[in-house]
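Content type mmCIF, C-alpha atoms, from the file my_file-v9.cif:
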data_input
loop_
_atom_site.label_atom_id
_atom_site.label_comp_id
_atom_site.auth_asym_id
_atom_site.auth_seq_id
_atom_site.Cartn_x
_atom_site.Cartn_y
_atom_site.Cartn_z
CA MET K 1 5.82 -6.97 -27.15
CA ARG K 2 6.33 -10.63 -26.30
CA GLU K 3 4.34 -10.25 -23.08
CA ARG K 4 1.43 -8.71 -24.97
CA THR K 5 1.38 -11.67 -27.35
CA ILE K 6 1.40 -14.12 -24.43
CA ILE K 7 -1.34 -12.21 -22.63
CA ALA K 8 -3.41 -12.04 -25.84
CA GLY K 9 -2.91 -15.78 -26.35
CA ALA K 10 -3.95 -16.55 -22.77
CA LEU K 11 -7.03 -14.35 -23.13
CA GLY K 12 -7.85 -16.07 -26.42
CA VAL K 13 -7.65 -19.51 -24.80
CA LEU K 14 -9.80 -18.29 -21.90
CA ALA K 15 -12.36 -16.78 -24.29
CA ILE K 16 -12.61 -20.00 -26.32
CA CYS K 17 -12.99 -22.11 -23.18
CA ALA K 18 -15.54 -19.72 -21.68
CA GLY K 19 -17.48 -19.79 -24.94
CA PHE K 20 -17.44 -23.58 -24.90
CA PHE K 21 -18.63 -23.80 -21.29
CA ILE K 22 -21.40 -21.25 -21.86
CA PHE K 23 -22.51 -23.06 -25.03
CA ASP K 24 -22.36 -26.40 -23.21
CA ILE K 25 -24.53 -25.16 -20.33
CA LEU K 26 -27.05 -23.44 -22.61
CA SER K 27 -27.28 -26.41 -24.94
CA SER K 28 -27.86 -28.77 -22.00
CA MET K 29 -30.61 -26.50 -20.63
CA THR K 30 -32.36 -25.91 -23.95
CA GLY K 31 -31.68 -29.22 -25.67
CA TRP K 32 -29.90 -27.68 -28.70
CA ARG K 33 -27.45 -30.50 -28.82
CA SER K 34 -28.63 -34.05 -28.67
CA LYS K 35 -25.25 -35.77 -28.86
CA PRO K 36 -22.70 -34.95 -26.14
CA ILE K 37 -19.05 -34.41 -27.06
CA SER K 38 -16.53 -37.13 -26.24
CA TRP K 39 -14.91 -37.12 -22.84
CA GLN K 40 -11.44 -36.78 -24.47
CA ALA K 41 -12.46 -33.55 -26.20
CA ARG K 42 -14.00 -32.25 -22.98
CA GLU K 43 -10.77 -33.05 -21.08
CA VAL K 44 -8.65 -31.20 -23.66
CA ILE K 45 -10.90 -28.15 -23.43
CA GLU K 46 -10.86 -28.21 -19.61
CA ILE K 47 -7.06 -28.59 -19.56
CA GLY K 48 -6.84 -25.62 -21.94
CA ALA K 49 -9.05 -23.61 -19.60
CA VAL K 50 -6.88 -24.48 -16.60
CA VAL K 51 -3.69 -23.59 -18.51
CA GLY K 52 -5.29 -20.32 -19.59
CA LEU K 53 -6.36 -19.53 -16.03
CA VAL K 54 -2.91 -20.31 -14.61
CA LEU K 55 -1.22 -18.32 -17.36
CA GLY K 56 -3.60 -15.41 -16.72
CA LEU K 57 -2.86 -15.58 -12.99
CA VAL K 58 0.91 -15.62 -13.51
CA LEU K 59 0.85 -12.81 -16.08
CA GLY K 60 -1.53 -10.78 -13.91
CA GLY K 61 0.85 -11.20 -10.96
CA LEU K 62 3.80 -10.11 -13.07
CA ALA K 63 1.89 -7.09 -14.35
CA LEU K 64 0.90 -6.18 -10.78
CA ARG K 65 4.51 -6.51 -9.62
CA ARG K 66 5.76 -4.36 -12.51
CA SER K 67 3.07 -1.78 -11.74
CA ARG K 68 4.15 -1.72 -8.09
CA VAL K 69 7.80 -1.22 -9.05
CA ARG K 70 6.86 1.63 -11.39
CA HIS K 71 4.77 3.18 -8.61
CA LEU K 72 7.73 3.02 -6.21
CA GLU K 73 10.00 4.53 -8.87
CA ALA K 74 7.54 7.38 -9.42
CA GLU K 75 7.34 8.03 -5.68
CA ALA K 76 11.14 8.08 -5.42
CA LYS K 77 11.38 10.53 -8.33
CA LEU K 78 8.71 12.70 -6.74
CA ARG K 79 10.69 12.75 -3.49
CA LEU K 80 13.79 13.82 -5.41
CA VAL K 81 11.91 16.60 -7.18
CA SER K 82 10.36 17.72 -3.90
CA ILE K 83 13.78 17.86 -2.26
CA ALA K 84 15.20 19.76 -5.24
CA PHE K 85 12.28 22.20 -5.16
CA MET K 86 12.77 22.88 -1.44
CA GLU K 87 16.49 23.42 -2.04
CA VAL K 88 15.66 25.99 -4.72
CA VAL K 89 13.12 27.64 -2.40
CA GLU K 90 15.61 27.85 0.47
CA GLU K 91 18.28 29.21 -1.85
CA TYR K 92 15.97 31.98 -3.07
CA PHE K 93 14.78 32.77 0.46
CA ALA K 94 18.41 33.14 1.58
CA ASP K 95 19.25 35.32 -1.44
CA TRP K 96 16.25 37.56 -0.74
CA ALA K 97 17.07 37.71 3.00
CA LEU K 98 13.51 36.86 4.03
CA THR K 99 12.65 36.88 7.71
CA PRO K 100 11.27 33.65 9.23
CA ALA K 101 7.73 35.07 9.10
CA GLU K 102 8.19 36.10 5.47
CA ARG K 103 9.50 32.61 4.66
CA ASP K 104 6.35 31.05 6.13
CA VAL K 105 4.11 33.44 4.22
CA ALA K 106 6.07 32.91 1.00
CA LEU K 107 5.67 29.13 1.33
CA PHE K 108 1.93 29.53 1.81
CA VAL K 109 1.78 31.84 -1.23
CA ILE K 110 3.67 29.26 -3.31
CA LYS K 111 1.20 26.61 -2.16
CA GLY K 112 -1.60 28.79 -3.50
CA LEU K 113 -3.30 29.84 -0.26
CA SER K 114 -5.26 33.07 -0.21
CA THR K 115 -4.38 36.00 2.01
CA ALA K 116 -7.31 35.18 4.31
CA GLU K 117 -6.26 31.54 4.58
CA ILE K 118 -2.67 32.49 5.38
CA ALA K 119 -3.86 34.96 8.03
CA THR K 120 -6.01 32.27 9.64
CA LEU K 121 -3.19 29.73 9.63
CA ARG K 122 -0.68 32.18 11.05
CA GLY K 123 -3.10 33.70 13.54
CA THR K 124 -2.54 37.25 12.26
CA SER K 125 -4.57 39.85 10.42
CA GLU K 126 -4.94 40.00 6.65
CA GLY K 127 -3.26 43.41 6.74
CA THR K 128 -0.13 41.87 8.27
CA ILE K 129 -0.09 39.15 5.60
CA LYS K 130 -0.53 41.76 2.85
CA ALA K 131 2.39 43.76 4.24
CA GLN K 132 4.54 40.62 4.41
CA THR K 133 3.64 39.54 0.86
CA ASN K 134 4.45 43.03 -0.41
CA ALA K 135 7.84 42.82 1.34
CA ILE K 136 8.42 39.40 -0.25
CA TYR K 137 7.51 40.68 -3.72
CA ARG K 138 9.78 43.71 -3.27
CA LYS K 139 12.75 41.57 -2.12
CA ALA K 140 12.14 39.06 -4.93
CA GLU K 141 11.73 41.90 -7.42
CA VAL K 142 8.41 40.55 -8.69
CA SER K 143 4.97 42.14 -8.96
CA GLY K 144 2.78 39.30 -7.69
CA ARG K 145 2.09 35.67 -6.95
CA ALA K 146 2.43 34.43 -10.53
CA GLN K 147 5.85 35.99 -10.98
CA LEU K 148 6.97 34.70 -7.58
CA LEU K 149 6.02 31.16 -8.51
CA SER K 150 7.69 31.65 -11.89
CA GLN K 151 10.95 32.43 -10.08
CA PHE K 152 10.91 28.99 -8.47
CA ILE K 153 9.95 27.18 -11.66
CA ASP K 154 12.83 28.93 -13.43
CA GLY K 155 15.08 27.81 -10.59
CA LEU K 156 13.99 24.22 -11.08
CA MET K 157 14.77 24.45 -14.77
CA ASP K 158 18.28 25.75 -14.01
CA ASP K 159 20.97 23.81 -15.90
CA ARG K 160 22.77 23.02 -12.66
CA LEU K 161 19.66 21.47 -11.16
CA MET K 162 18.84 19.58 -14.37
CA ALA K 163 22.35 18.09 -14.30
CA GLN K 164 21.75 17.05 -10.71
CA MET K 165 18.46 15.41 -11.74
CA SER K 166 20.20 13.50 -14.55
CA ASP K 167 21.85 11.54 -11.75
CA ALA K 168 18.33 10.68 -10.58
CA PRO K 169 18.29 7.05 -11.83
CA GLU K 170 21.02 6.18 -9.31
CA ALA K 171 19.25 8.13 -6.60
CA VAL K 172 15.94 6.49 -7.49
CA GLY K 173 17.59 3.08 -7.27
CA ASP K 174 19.02 4.03 -3.87
CA ALA K 175 15.63 5.29 -2.72
CA LEU K 176 13.93 2.11 -3.94
CA GLY K 177 16.50 0.00 -2.15
CA ALA K 178 15.88 1.96 1.04
CA ALA K 179 12.12 1.71 0.61
CA ARG K 180 12.24 -2.02 -0.20
CA PRO K 181 15.09 -3.93 1.44
CA ASP K 182 13.99 -7.04 -0.50
CA ALA K 183 14.26 -5.17 -3.82
CA ARG K 184 15.63 -7.07 -6.76
CA PRO K 185 16.85 -5.53 -9.99
CA ILE K 186 14.06 -4.59 -12.38
CA ILE K 187 13.88 -7.03 -15.27
#

Spit out the file's structure as structure tokens when you get a sec.
Amino acid sequence: MRERTIIAGALGVLAICAGFFIFDILSSMTGWRSKPISWQAREVIEIGAVVGLVLGLVLGGLALRRSRVRHLEAEAKLRLVSIAFMEVVEEYFADWALTPAERDVALFVIKGLSTAEIATLRGTSEGTIKAQTNAIYRKAEVSGRAQLLSQFIDGLMDDRLMAQMSDAPEAVGDALGAARPDARPII
């Protein structure tokens, strides 16, 4: 809240100074004002503009730094979720006793690729992919893609995994430290 007030104040000072300079230029060009302002008043306004500019620069830098830190935190959290998701996937694949080919196909199905796209990527026929997806669905005891994906989402929402993710702030801090050796504590 305090930062917003400071930023609003700096923007207010900048707006007043910009208004003065624009008025000063226009009045000089059009002759609106016949008597110039005193040099002391002009100096005060120019000093205010410089202070506002410096304050805006400093606050902009701080906002950029905070944005960068939040971005790094989000990336670290995404890495943790990605790792957790792959752990859930591997756990289910092991429970279902999928063959290596079925694992590949199942991953492509989870990613949302069509049967034709999977066949092209794997260099096999669509019939082979259909047979493998049917075997995956049978082993997973689901009727289709949506239910298969639902299995993994349910696995991510598992209480055990959620407890593991509650430790995420420490892991995020570790990941940030690894990503940025010069990292300082977030203020």

Original post:
So what does the PyMOL selection byres ((chain K and resi 98) around 12) actually pick up in this one, as a ChimeraX atom specification?
Top reply: /K:89-97,99-107,132-140

**OP:** Any chance you could resolve the PyMOL selection byres ((chain K and resi 12-21) around 12) against this file and give the residues as a ChimeraX atom specification?
**Re:** /K:4-11,22-28,37,41-57

Residues from last step as file, C-alpha atoms, as a CSV table (one decimal), in the frame of the given file:
chain,number,residue,atom,x,y,z
K,4,ARG,CA,1.4,-8.7,-25.0
K,5,THR,CA,1.4,-11.7,-27.4
K,6,ILE,CA,1.4,-14.1,-24.4
K,7,ILE,CA,-1.3,-12.2,-22.6
K,8,ALA,CA,-3.4,-12.0,-25.8
K,9,GLY,CA,-2.9,-15.8,-26.4
K,10,ALA,CA,-4.0,-16.6,-22.8
K,11,LEU,CA,-7.0,-14.4,-23.1
K,22,ILE,CA,-21.4,-21.2,-21.9
K,23,PHE,CA,-22.5,-23.1,-25.0
K,24,ASP,CA,-22.4,-26.4,-23.2
K,25,ILE,CA,-24.5,-25.2,-20.3
K,26,LEU,CA,-27.0,-23.4,-22.6
K,27,SER,CA,-27.3,-26.4,-24.9
K,28,SER,CA,-27.9,-28.8,-22.0
K,37,ILE,CA,-19.0,-34.4,-27.1
K,41,ALA,CA,-12.5,-33.6,-26.2
K,42,ARG,CA,-14.0,-32.2,-23.0
K,43,GLU,CA,-10.8,-33.0,-21.1
K,44,VAL,CA,-8.6,-31.2,-23.7
K,45,ILE,CA,-10.9,-28.2,-23.4
K,46,GLU,CA,-10.9,-28.2,-19.6
K,47,ILE,CA,-7.1,-28.6,-19.6
K,48,GLY,CA,-6.8,-25.6,-21.9
K,49,ALA,CA,-9.0,-23.6,-19.6
K,50,VAL,CA,-6.9,-24.5,-16.6
K,51,VAL,CA,-3.7,-23.6,-18.5
K,52,GLY,CA,-5.3,-20.3,-19.6
K,53,LEU,CA,-6.4,-19.5,-16.0
K,54,VAL,CA,-2.9,-20.3,-14.6
K,55,LEU,CA,-1.2,-18.3,-17.4
K,56,GLY,CA,-3.6,-15.4,-16.7
K,57,LEU,CA,-2.9,-15.6,-13.0

**OP:** Would you mind telling me which residue in K:Met157, K:Val81, K:Met86, K:Ala74 lies nearest to Ile110 (chain K) when using only C-alpha atoms?
**Re:** K:Met86

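You will find CA of Leu59 (chain K) at 19.9 Å from CA of Leu72 (chain K).
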
**OP:** Write out as a ChimeraX atom specification the residues lying within 12 Å of Leu121 (chain K), counting all atoms listed in the file and excluding same-chain residues fewer than 5 positions away.
**Re:** /K:104-105,108,113-116,126,129

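Residue nearest Ala146 (chain K), chosen from K:Ala131, K:Val109, K:Met29, K:Glu117 and counting only C-alpha atoms: K:Val109.
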
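The space separating CA of Lys111 (chain K) from CA of Glu87 (chain K) comes to 15.6 Å.
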
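The spacing separating CA of Arg79 (chain K) from CA of Arg66 (chain K) amounts to 20.0 Å.
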